[in-house]
Every structure is written in C-alpha cells, then in structure tokens.
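Enquirer: input31.txt is reproduced in full below (compact mmCIF, C-alpha atoms and all ligand atoms).
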```txt
# COMPACT_ATOMS: atom_id res chain seq x y z
CA MET A 81 -86.45 -70.25 -84.74
CA VAL A 82 -83.34 -71.46 -86.51
CA ASP A 83 -84.96 -70.74 -89.93
CA ASP A 84 -85.17 -67.04 -89.10
CA CYS A 85 -81.56 -66.74 -88.03
CA PRO A 86 -79.97 -64.05 -90.21
CA PHE A 87 -76.58 -65.75 -89.95
CA LEU A 88 -77.97 -68.90 -91.57
CA LYS A 89 -80.48 -67.34 -93.95
CA ASN A 90 -77.95 -65.71 -96.22
CA CYS A 91 -75.08 -68.08 -95.94
CA GLU A 92 -74.33 -71.56 -97.26
CA HIS A 93 -74.24 -73.87 -94.23
CA SER A 94 -74.45 -77.43 -92.97
CA LEU A 95 -75.33 -78.86 -89.57
CA LEU A 96 -72.25 -80.20 -87.75
CA PHE A 97 -73.76 -81.19 -84.42
CA GLN A 98 -77.09 -81.04 -82.66
CA GLY A 99 -76.95 -81.19 -78.87
CA ALA A 100 -79.51 -80.71 -76.14
CA GLU A 101 -78.52 -77.08 -75.64
CA ALA A 102 -77.14 -75.94 -78.98
CA CYS A 103 -76.86 -76.55 -82.71
CA LEU A 104 -73.51 -76.11 -84.41
CA TYR A 105 -73.30 -75.18 -88.09
CA ILE A 106 -70.40 -74.89 -90.48
CA LEU A 107 -70.79 -71.70 -92.52
CA LYS A 108 -69.02 -71.05 -95.77
CA ASP A 109 -67.08 -67.81 -95.55
CA PRO A 110 -68.49 -65.85 -98.53
CA ASN A 111 -65.46 -63.55 -98.73
CA ASN A 112 -62.86 -66.27 -98.26
CA ILE A 113 -61.04 -64.29 -95.61
CA LEU A 114 -60.38 -67.29 -93.39
CA PRO A 115 -57.63 -69.83 -94.07
CA ASN A 116 -60.03 -72.79 -94.32
CA GLY A 117 -62.90 -70.76 -95.78
CA GLN A 118 -65.29 -71.76 -92.97
CA PHE A 119 -66.80 -70.44 -89.75
CA LEU A 120 -68.48 -72.33 -86.97
CA LEU A 121 -71.79 -70.96 -85.67
CA LYS A 122 -72.97 -72.18 -82.27
CA LYS A 123 -76.61 -71.35 -81.78
CA ARG A 124 -78.19 -71.97 -78.40
CA LEU A 125 -81.69 -73.39 -78.57
CA LEU A 126 -84.80 -71.87 -77.05
CA LYS A 127 -86.01 -74.07 -74.22
CA GLN A 128 -89.79 -74.05 -74.39
CA TYR A 129 -90.17 -75.81 -71.03
CA ARG A 130 -88.27 -73.03 -69.25
CA HIS A 131 -89.85 -69.74 -68.28
CA ALA A 132 -88.94 -67.32 -71.11
CA GLU A 133 -87.19 -64.80 -68.84
CA LEU A 134 -85.20 -67.47 -67.03
CA ASP A 135 -84.24 -69.08 -70.36
CA LYS A 136 -83.00 -65.74 -71.69
CA LYS A 137 -81.03 -65.09 -68.52
CA LEU A 138 -79.36 -68.52 -68.55
CA THR A 139 -78.59 -68.38 -72.28
CA THR A 140 -77.12 -64.87 -72.00
CA LYS A 141 -74.93 -66.02 -69.11
CA ARG A 142 -73.67 -69.09 -71.01
CA ILE A 143 -72.87 -67.18 -74.22
CA THR A 144 -71.17 -64.35 -72.33
CA GLN A 145 -69.16 -66.77 -70.23
CA GLU A 146 -68.17 -68.87 -73.26
CA GLY A 147 -66.93 -65.81 -75.19
CA ARG A 148 -65.17 -64.33 -72.17
CA THR A 149 -63.31 -67.52 -71.23
CA LEU A 150 -62.28 -68.26 -74.83
CA LEU A 151 -60.71 -64.79 -74.92
CA LYS A 152 -59.04 -65.30 -71.55
CA CYS A 153 -57.51 -68.57 -72.74
CA GLN A 154 -56.28 -66.87 -75.89
CA ARG A 155 -54.65 -64.19 -73.73
CA LEU A 156 -52.94 -66.93 -71.69
CA GLY A 157 -51.46 -68.39 -74.89
CA ILE A 158 -53.76 -71.44 -74.89
CA LYS A 159 -54.92 -72.44 -78.36
CA VAL A 160 -58.71 -72.12 -78.58
CA PRO A 161 -61.10 -71.31 -81.45
CA ILE A 162 -60.94 -67.58 -82.23
CA VAL A 163 -64.20 -65.79 -81.41
CA TYR A 164 -65.36 -63.52 -84.24
CA LEU A 165 -68.71 -62.39 -82.88
CA THR A 166 -71.25 -62.96 -80.14
CA ASP A 167 -74.89 -61.95 -80.57
CA LEU A 168 -77.01 -62.33 -77.45
CA HIS A 169 -80.25 -61.55 -79.28
CA GLU A 170 -79.63 -64.26 -81.89
CA ARG A 171 -78.13 -66.52 -79.18
CA VAL A 172 -75.03 -67.23 -81.25
CA ILE A 173 -71.26 -67.31 -81.15
CA LEU A 174 -69.43 -67.21 -84.45
CA MET A 175 -66.00 -68.75 -84.10
CA GLU A 176 -63.12 -70.40 -85.89
CA TYR A 177 -63.86 -73.90 -87.17
CA LEU A 178 -60.97 -76.23 -86.37
CA ASN A 179 -61.59 -78.63 -89.24
CA ASP A 180 -58.43 -80.65 -88.68
CA TYR A 181 -59.28 -81.52 -85.04
CA GLN A 182 -61.57 -84.21 -83.61
CA SER A 183 -63.00 -84.60 -80.12
CA LEU A 184 -60.86 -86.55 -77.65
CA ARG A 185 -63.94 -88.73 -77.16
CA CYS A 186 -63.89 -89.85 -80.82
CA PHE A 187 -60.12 -90.11 -80.80
CA LEU A 188 -60.21 -92.55 -77.85
CA GLU A 189 -63.29 -94.43 -79.09
CA LEU A 190 -61.87 -94.99 -82.57
CA GLN A 191 -58.53 -95.94 -80.99
CA ALA A 192 -56.85 -93.57 -83.41
CA TYR A 193 -53.62 -93.82 -81.42
CA GLN A 194 -50.78 -96.16 -80.62
CA ASP A 195 -50.79 -97.49 -77.03
CA SER A 196 -47.39 -95.95 -76.45
CA ASP A 197 -48.87 -92.50 -77.27
CA LEU A 198 -51.51 -92.56 -74.54
CA LYS A 199 -49.10 -91.43 -71.83
CA VAL A 200 -47.87 -88.52 -73.91
CA LEU A 201 -51.47 -87.60 -74.73
CA SER A 202 -52.42 -87.62 -71.04
CA LEU A 203 -49.40 -85.43 -70.29
CA HIS A 204 -50.51 -82.89 -72.91
CA VAL A 205 -54.03 -82.81 -71.45
CA ALA A 206 -52.54 -82.40 -67.94
CA ARG A 207 -50.35 -79.49 -68.99
CA LEU A 208 -53.34 -77.77 -70.58
CA ILE A 209 -55.67 -78.17 -67.59
CA ALA A 210 -52.89 -77.21 -65.15
CA LYS A 211 -52.24 -74.03 -67.13
CA MET A 212 -55.93 -73.13 -67.09
CA HIS A 213 -56.30 -73.90 -63.37
CA ASP A 214 -53.12 -72.05 -62.40
CA ALA A 215 -54.61 -68.98 -64.10
CA GLY A 216 -57.93 -69.42 -62.25
CA VAL A 217 -59.92 -70.77 -65.22
CA ILE A 218 -62.40 -73.48 -64.23
CA HIS A 219 -63.94 -75.25 -67.24
CA GLY A 220 -67.15 -76.44 -65.57
CA ASP A 221 -67.91 -79.29 -68.02
CA LEU A 222 -64.62 -81.08 -68.51
CA THR A 223 -65.52 -84.10 -70.63
CA THR A 224 -63.68 -85.80 -73.49
CA SER A 225 -66.24 -84.26 -75.93
CA ASN A 226 -65.11 -80.81 -74.84
CA LEU A 227 -61.44 -81.35 -75.64
CA LEU A 228 -60.37 -81.36 -79.28
CA VAL A 229 -57.23 -83.16 -80.37
CA LYS A 230 -54.97 -83.14 -83.39
CA GLN A 231 -52.01 -85.40 -83.89
CA ILE A 232 -49.06 -83.43 -85.16
CA ALA A 233 -46.93 -85.10 -87.84
CA GLU A 234 -44.36 -87.18 -86.00
CA ASN A 235 -41.29 -86.13 -87.90
CA LEU A 236 -41.76 -82.37 -87.50
CA PRO A 237 -38.59 -80.89 -86.01
CA LEU A 238 -39.90 -79.14 -82.91
CA PRO A 239 -36.96 -79.21 -80.50
CA GLU A 240 -38.25 -76.16 -78.58
CA ALA A 241 -41.49 -78.02 -77.88
CA GLU A 242 -39.80 -81.02 -76.29
CA VAL A 243 -41.10 -82.12 -72.94
CA VAL A 244 -39.33 -84.33 -70.44
CA MET A 245 -41.30 -87.19 -68.90
CA ASN A 246 -39.72 -89.84 -66.68
CA GLY A 247 -36.36 -88.63 -67.86
CA GLU A 248 -37.24 -89.21 -71.55
CA ASN A 249 -37.74 -86.54 -74.18
CA HIS A 250 -41.03 -86.43 -76.08
CA SER A 251 -41.66 -84.09 -78.97
CA GLU A 252 -44.93 -82.20 -79.00
CA LYS A 253 -47.08 -84.92 -80.58
CA PHE A 254 -50.57 -83.62 -79.95
CA SER A 255 -52.31 -80.31 -79.93
CA ILE A 256 -55.20 -80.19 -77.44
CA VAL A 257 -57.85 -77.48 -77.59
CA PRO A 258 -60.49 -76.92 -74.90
CA ILE A 259 -63.99 -75.84 -76.07
CA ASP A 260 -67.56 -75.43 -74.75
CA PHE A 261 -66.93 -72.88 -71.98
CA GLY A 262 -70.60 -72.03 -71.30
CA LEU A 263 -70.36 -73.32 -67.72
CA SER A 264 -66.89 -71.94 -67.01
CA SER A 265 -66.00 -69.66 -64.13
CA GLY A 266 -63.04 -67.86 -62.61
CA SER A 267 -61.79 -69.28 -59.32
CA ASP A 268 -58.58 -70.07 -57.47
CA SER A 269 -60.20 -72.43 -54.99
CA SER A 270 -58.80 -75.95 -54.87
CA GLU A 271 -62.36 -77.27 -54.40
CA ASP A 272 -63.46 -75.85 -57.80
CA LYS A 273 -60.36 -77.24 -59.51
CA ALA A 274 -60.89 -80.63 -57.86
CA VAL A 275 -64.52 -80.75 -59.05
CA ASP A 276 -63.28 -80.05 -62.61
CA LEU A 277 -60.89 -83.03 -62.30
CA TYR A 278 -63.62 -85.20 -60.80
CA VAL A 279 -65.96 -84.44 -63.72
CA LEU A 280 -63.16 -85.41 -66.13
CA GLU A 281 -62.47 -88.61 -64.19
CA ARG A 282 -66.16 -89.62 -64.25
CA ALA A 283 -66.39 -88.77 -67.96
CA ILE A 284 -63.37 -90.92 -68.76
CA LEU A 285 -64.43 -93.87 -66.61
CA THR A 286 -68.04 -93.89 -67.81
CA THR A 287 -67.49 -93.30 -71.55
CA HIS A 288 -64.19 -95.06 -72.11
CA ALA A 289 -63.74 -98.62 -70.88
CA ASN A 290 -60.13 -99.56 -70.01
CA MET A 291 -59.08 -95.95 -69.66
CA THR A 292 -58.41 -95.97 -65.91
CA SER A 293 -54.69 -95.76 -66.54
CA PHE A 294 -55.22 -92.75 -68.83
CA PHE A 295 -56.76 -90.76 -65.98
CA GLN A 296 -54.12 -92.03 -63.55
CA SER A 297 -51.24 -90.84 -65.69
CA PHE A 298 -53.12 -87.59 -66.41
CA LEU A 299 -53.42 -87.00 -62.66
CA GLU A 300 -49.75 -87.80 -61.97
CA SER A 301 -48.69 -85.28 -64.59
CA TYR A 302 -51.21 -82.68 -63.39
CA VAL A 303 -49.87 -82.93 -59.81
CA ALA A 304 -46.31 -82.58 -61.09
CA VAL A 305 -47.01 -79.69 -63.46
CA SER A 306 -49.60 -77.52 -61.66
CA LYS A 307 -48.29 -75.02 -59.11
CA PHE A 308 -51.05 -76.16 -56.73
CA GLY A 309 -51.18 -79.79 -57.88
CA GLY A 310 -50.70 -81.30 -54.39
CA SER A 311 -53.53 -79.40 -52.70
CA THR A 312 -55.90 -79.97 -55.65
CA LYS A 313 -55.19 -83.73 -55.49
CA THR A 314 -55.94 -83.74 -51.73
CA LYS A 315 -59.25 -81.98 -52.46
CA LEU A 316 -59.99 -84.44 -55.27
CA ASP A 317 -59.79 -87.29 -52.76
CA GLU A 318 -62.42 -85.50 -50.63
CA VAL A 319 -64.66 -84.89 -53.66
CA ARG A 320 -64.34 -88.56 -54.64
CA ALA A 321 -65.30 -89.66 -51.11
CA ARG A 322 -68.38 -87.41 -51.23
CA GLY A 323 -69.26 -88.91 -54.64
CA ARG A 324 -68.98 -92.47 -53.28
CA LYS A 325 -71.18 -91.57 -50.31
CA ARG A 326 -73.80 -90.08 -52.67
CA ASP A 327 -73.69 -93.24 -54.83
CA MET A 328 -74.23 -95.43 -51.75
CA LEU A 329 -77.20 -93.36 -50.56
CA GLY A 330 -78.64 -93.58 -54.09
N1 LIG B 401 -64.53 -74.69 -82.99
C1 LIG B 401 -64.75 -75.98 -83.27
N2 LIG B 401 -64.05 -76.61 -84.24
C2 LIG B 401 -64.29 -77.92 -84.53
N3 LIG B 401 -65.23 -78.67 -83.92
C3 LIG B 401 -65.97 -78.11 -82.94
C4 LIG B 401 -65.76 -76.74 -82.56
N4 LIG B 401 -66.65 -76.44 -81.57
C5 LIG B 401 -67.35 -77.57 -81.36
N5 LIG B 401 -66.97 -78.57 -82.16
C6 LIG B 401 -67.54 -79.94 -82.22
O1 LIG B 401 -68.93 -79.86 -81.90
C7 LIG B 401 -69.23 -80.59 -80.70
C8 LIG B 401 -70.25 -79.82 -79.86
O2 LIG B 401 -69.72 -78.54 -79.50
P1 LIG B 401 -69.92 -77.93 -78.04
O3 LIG B 401 -69.31 -78.84 -77.04
O4 LIG B 401 -69.46 -76.51 -78.06
O5 LIG B 401 -71.52 -77.94 -77.94
P2 LIG B 401 -72.49 -78.61 -76.86
O6 LIG B 401 -71.85 -79.74 -76.16
O7 LIG B 401 -73.80 -78.83 -77.51
O8 LIG B 401 -72.59 -77.40 -75.94
P3 LIG B 401 -73.33 -77.31 -74.55
O9 LIG B 401 -72.70 -78.36 -73.66
O10 LIG B 401 -73.06 -75.91 -74.16
O11 LIG B 401 -74.75 -77.65 -74.86
C9 LIG B 401 -67.88 -80.79 -80.00
O12 LIG B 401 -67.86 -81.95 -79.21
C10 LIG B 401 -66.92 -80.87 -81.17
O13 LIG B 401 -66.88 -82.18 -81.70
MG MG B 402 -69.90 -80.03 -75.47
```
Would you mind writing the file's structure down as structure tokens?
Ligand SMILES: Nc1ncnc2c1ncn2[C@@H]1O[C@H](COP(=O)(O)OP(=O)(O)OP(=O)(O)O)[C@@H](O)[C@H]1O
Ligand SMILES: [Mg+2]

Expert:
Amino acid sequence: MVDDCPFLKNCEHSLLFQGAEACLYILKDPNNILPNGQFLLKKRLLKQYRHAELDKKLTTKRITQEGRTLLKCQRLGIKVPIVYLTDLHERVILMEYLNDYQSLRCFLELQAYQDSDLKVLSLHVARLIAKMHDAGVIHGDLTTSNLLVKQIAENLPLPEAEVVMNGENHSEKFSIVPIDFGLSSGSDSSEDKAVDLYVLERAILTTHANMTSFFQSFLESYVAVSKFGGSTKTKLDEVRARGRKRDMLG
C-alpha cells in the first residue's frame, strides 16, 4: 500500500507520474541538503494478478538492476540521476530529481526544437548509447520516454565540448540522460545491442510521425562512434528482418 510507505508518510510529496509498473513522487527534502530541495521516489507497484512470490522476485530483480546500472553509468562518466537509497522491502529507489529535464518523447512531441537541431540531438543520443554499449551496458527498454533531455544555453562557451560532424563544429547543445534501467543487463553481444537499437527504432517510428530521418541520422552517428558500430548495424538488419517476418505471420 502506497499510504503505508514510510518514505511518503512523513514527507511532503506530490505524484509526478503513474505508470503500469511504478509510481513516481517528488519529495521535498526536509533538510534542504540537495541543490533543488527535492528527491524523486520511484515506488514499484504490487501486482495483485501475479503470484506473490513471483512478483517479489521480479520486483527485487528490477530494483536491484536499476540501482546497479545507474551506478555503473555514473562510474563510466555518463550523467544519470544519483541514487541515494534502494529499499527492496518498500520496493523503492530514492534518487536525484532532474527538474530541469524533460523526456525526449515530450521534447519531440511538443516540437521544442529547431529543425536544424535535430541532427545534433540525434548525434548526442548516438554518442550516449554507443558509450553505454561499448561498456557492455544494455538498456533493455530504450524508448524516447526513457531518455531525458535538456537544452543547454546556446551561447555558453564550451570549446572543450565541441564535436565534429560532417566536418562542422557543433557545441554541446543538449544533455541527454538515460533512465528506467529496470530491464537493463550487462552484455557485449552484438545481438543484445542490436535489439536495444531495434526497440528504439520501433519506439521512434510508432510514437513520432515524421521522425524516420531522426533514427537514420542517429544510426549513422552510432555506427561511426561505437567501436563495434559496424557489426551491431549488421545484426540490426537481421533483427529487423525477423521483426518483419513476425509482422507478416501476425
Ligand atoms: N530522475 C528523474 N528526474 C526527472 N524526471 C524523471 C526522473 N525519473 C523519471 N522521470 C520521469 O518520470 C517518467 C517515468 O519514469 P520511469 O521511466 O523511471 O518509470 P516507468 O516507465 O513507470 O518505469 P517502468 O518502465 O520500470 O515501469 C519518465 O518518463 C520521466 O518523464
Ligand atoms: Mg519509463
């Protein structure tokens, strides 16, 4: 029961998001230790239709995996929400709330960008996913809801962050943060990486009309940037062919 949760009982909070698997709450930091004075609490819901033991096992696995992979990303120098606490009994993760970010899904839906920025944005996403994959981190649920984005002020002098694309220089314009690692795993297999890319491709094509070119330029950059980009792309073509066959068979 959410009402009995000790993290919520004694702390001012508001519901940020209710999904099928979890509720996310913004908690006011009573001691004002954090820069923005807020935490984010992700509480996984009890699934009444699942056998209690199986539900506990699955939930424990997802929370453990989410915490573990967030820490691994942090160790790799990838910006992710900081994990403050995991509590398997209460089914929660307490983490940093990135209040100045929005999901890539909203960002694309609200068209909060200039057309000329889309290529740079796709390059930033490609560099992030390539870095994760090169370190053997498979996300497992790579959708545009599970990537957060923040546009960095355009006139910030960040010469060290410049990237070269098609011979042109682009300052670091966006910060991209991966979240929702409950289904993540560790693997160096090109099949697992290709499935991650396939899930992202399907998510982009089904939720965002006219975004085919976004995935195409993402993929071009991924192939160029990832150490194993070529072999992952070859595998992706196989995964796509299997997907088409499945669609035809219904
Ligand atoms: N640390 C965070 N800072 C800011 N916003 C966040 C953060 N974590 C999650 N969100 C927002 O809440 C939404 C849901 O979070 P998340 O993806 O972790 O839950 P979920 O999709 O319900 O999880 P699951 O797929 O495991 O059921 C995200 O799409 C994002 O908009
Ligand atoms: Mg999610």

Enquirer: With distances taken over only C-alpha atoms and all ligand atoms, which of A:Pro86, A:Gly147, A:Pro161, A:Gly262 is nearest to ligand MG 402 (chain B)?

Expert: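 The closest residue to ligand MG 402 (chain B) is A:Gly262.
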
Enquirer: Within 10 Å of (-69.3, -83.0, -54.2) in the file's own coordinates, which protein, DNA or RNA residues have an atom, counting all atoms listed in the file? List them as number ranges by chain.

Expert: A: 271-272, 274-275, 278, 316, 318-326

Enquirer: Which residues are near Val305 in chain A? Cut-off 12 Å, all atoms listed in the file, ignore same chain within fewer than 5 positions. Put them as an MDAnalysis selection string.

Expert: chainID A and resid 203:214 243:245 298:300 310 312

Enquirer: Residues of chain A that have any atom at most 9 Å from an atom of ligand LIG 401 (chain B): could you tabulate them with the shortest-distance atom pair and the distance in Å to one decimal, using all atoms listed in the file, ordered by chain and increasing number, as a Markdown table?

Expert:
```
| residue | atom | partner | partner_atom | distance |
| --- | --- | --- | --- | --- |
| A:Leu96 | CA | B:LIG401 | O1 | 6.7 |
| A:Phe97 | CA | B:LIG401 | O1 | 5.6 |
| A:Gln98 | CA | B:LIG401 | O7 | 6.5 |
| A:Gly99 | CA | B:LIG401 | O7 | 4.2 |
| A:Ala100 | CA | B:LIG401 | O11 | 5.8 |
| A:Glu101 | CA | B:LIG401 | O11 | 3.9 |
| A:Ala102 | CA | B:LIG401 | O7 | 4.7 |
| A:Cys103 | CA | B:LIG401 | O7 | 6.4 |
| A:Leu104 | CA | B:LIG401 | O1 | 6.4 |
| A:Tyr105 | CA | B:LIG401 | O1 | 8.9 |
| A:Phe119 | CA | B:LIG401 | N1 | 8.3 |
| A:Leu120 | CA | B:LIG401 | N1 | 6.1 |
| A:Leu121 | CA | B:LIG401 | N4 | 8.6 |
| A:Lys122 | CA | B:LIG401 | O4 | 7.0 |
| A:Arg124 | CA | B:LIG401 | O11 | 7.5 |
| A:Leu125 | CA | B:LIG401 | O11 | 8.9 |
| A:Arg142 | CA | B:LIG401 | O10 | 7.5 |
| A:Ile143 | CA | B:LIG401 | O10 | 8.7 |
| A:Glu146 | CA | B:LIG401 | O10 | 8.6 |
| A:Val160 | CA | B:LIG401 | N1 | 7.7 |
| A:Pro161 | CA | B:LIG401 | N1 | 5.1 |
| A:Ile162 | CA | B:LIG401 | N1 | 8.0 |
| A:Met175 | CA | B:LIG401 | N1 | 6.2 |
| A:Glu176 | CA | B:LIG401 | N1 | 5.4 |
| A:Tyr177 | CA | B:LIG401 | N2 | 4.0 |
| A:Leu178 | CA | B:LIG401 | N2 | 3.8 |
| A:Asn179 | CA | B:LIG401 | C2 | 5.5 |
| A:Asp180 | CA | B:LIG401 | C2 | 7.7 |
| A:Tyr181 | CA | B:LIG401 | C2 | 6.2 |
| A:Gln182 | CA | B:LIG401 | O13 | 6.0 |
| A:Ser183 | CA | B:LIG401 | O13 | 4.8 |
| A:Leu184 | CA | B:LIG401 | O13 | 8.5 |
| A:Arg185 | CA | B:LIG401 | O12 | 8.1 |
| A:Cys186 | CA | B:LIG401 | O13 | 8.3 |
| A:Asp221 | CA | B:LIG401 | O9 | 7.5 |
| A:Thr224 | CA | B:LIG401 | O12 | 8.1 |
| A:Ser225 | CA | B:LIG401 | O12 | 4.3 |
| A:Asn226 | CA | B:LIG401 | O3 | 5.1 |
| A:Leu227 | CA | B:LIG401 | O12 | 7.4 |
| A:Leu228 | CA | B:LIG401 | C10 | 6.8 |
| A:Ile259 | CA | B:LIG401 | O4 | 5.9 |
| A:Asp260 | CA | B:LIG401 | O4 | 4.0 |
| A:Phe261 | CA | B:LIG401 | O10 | 7.2 |
| A:Gly262 | CA | B:LIG401 | O10 | 5.4 |
| A:Leu263 | CA | B:LIG401 | O10 | 7.4 |
```

Enquirer: Please provide as a ChimeraX atom specification all residues within 7 Å of His93 in chain A, with the sequence filter that same-chain residues fewer than 3 positions apart are discarded (counting all atoms listed in the file).

Expert: /A:88,105-108

Enquirer: Keeping only C-alpha atoms, write those residues as an mmCIF file, in the frame of the given file.

Expert:
```
data_model
loop_
_atom_site.group_PDB
_atom_site.id
_atom_site.type_symbol
_atom_site.label_atom_id
_atom_site.label_comp_id
_atom_site.auth_asym_id
_atom_site.auth_seq_id
_atom_site.Cartn_x
_atom_site.Cartn_y
_atom_site.Cartn_z
ATOM 1 C CA LEU A 88 -77.970 -68.900 -91.570
ATOM 2 C CA TYR A 105 -73.300 -75.180 -88.090
ATOM 3 C CA ILE A 106 -70.400 -74.890 -90.480
ATOM 4 C CA LEU A 107 -70.790 -71.700 -92.520
ATOM 5 C CA LYS A 108 -69.020 -71.050 -95.770
#
```

Enquirer: What is the distance between CA of Pro115 in chain A and CA of Asp84 in chain A, in Å to one decimal?

Expert: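 Distance reported for this atom pair: 28.1 Å.
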
Enquirer: Using all atoms listed in the file, which residue out of A:Ser94, A:Gln231, A:Gln154, A:Thr314 lies closest to Asp197 in chain A?

Expert: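 Among the listed residues, A:Gln231 lies closest to Asp197 in chain A.
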
Enquirer: So the first atom is CA of Thr139 in chain A and the second is CA of Arg171 in chain A; what is the distance between them in Å, to one decimal place?

Expert: 7.2 Å

Enquirer: Taking all atoms listed in the file into account, which of A:Leu188, A:Ala132, A:Leu222, A:Leu174 comes nearest ligand MG 402 (chain B)?

Expert: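 Of all the options, A:Leu222 lies closest to ligand MG 402 (chain B).
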
Enquirer: Of the residues A:Thr223, A:Ser301, A:Thr166, A:Gln191, which is the one nearest to ligand MG 402 (chain B), using all atoms listed in the file?

Expert: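 Ranking A:Thr223, A:Ser301, A:Thr166, A:Gln191 by distance to ligand MG 402 (chain B), first place goes to A:Thr223.
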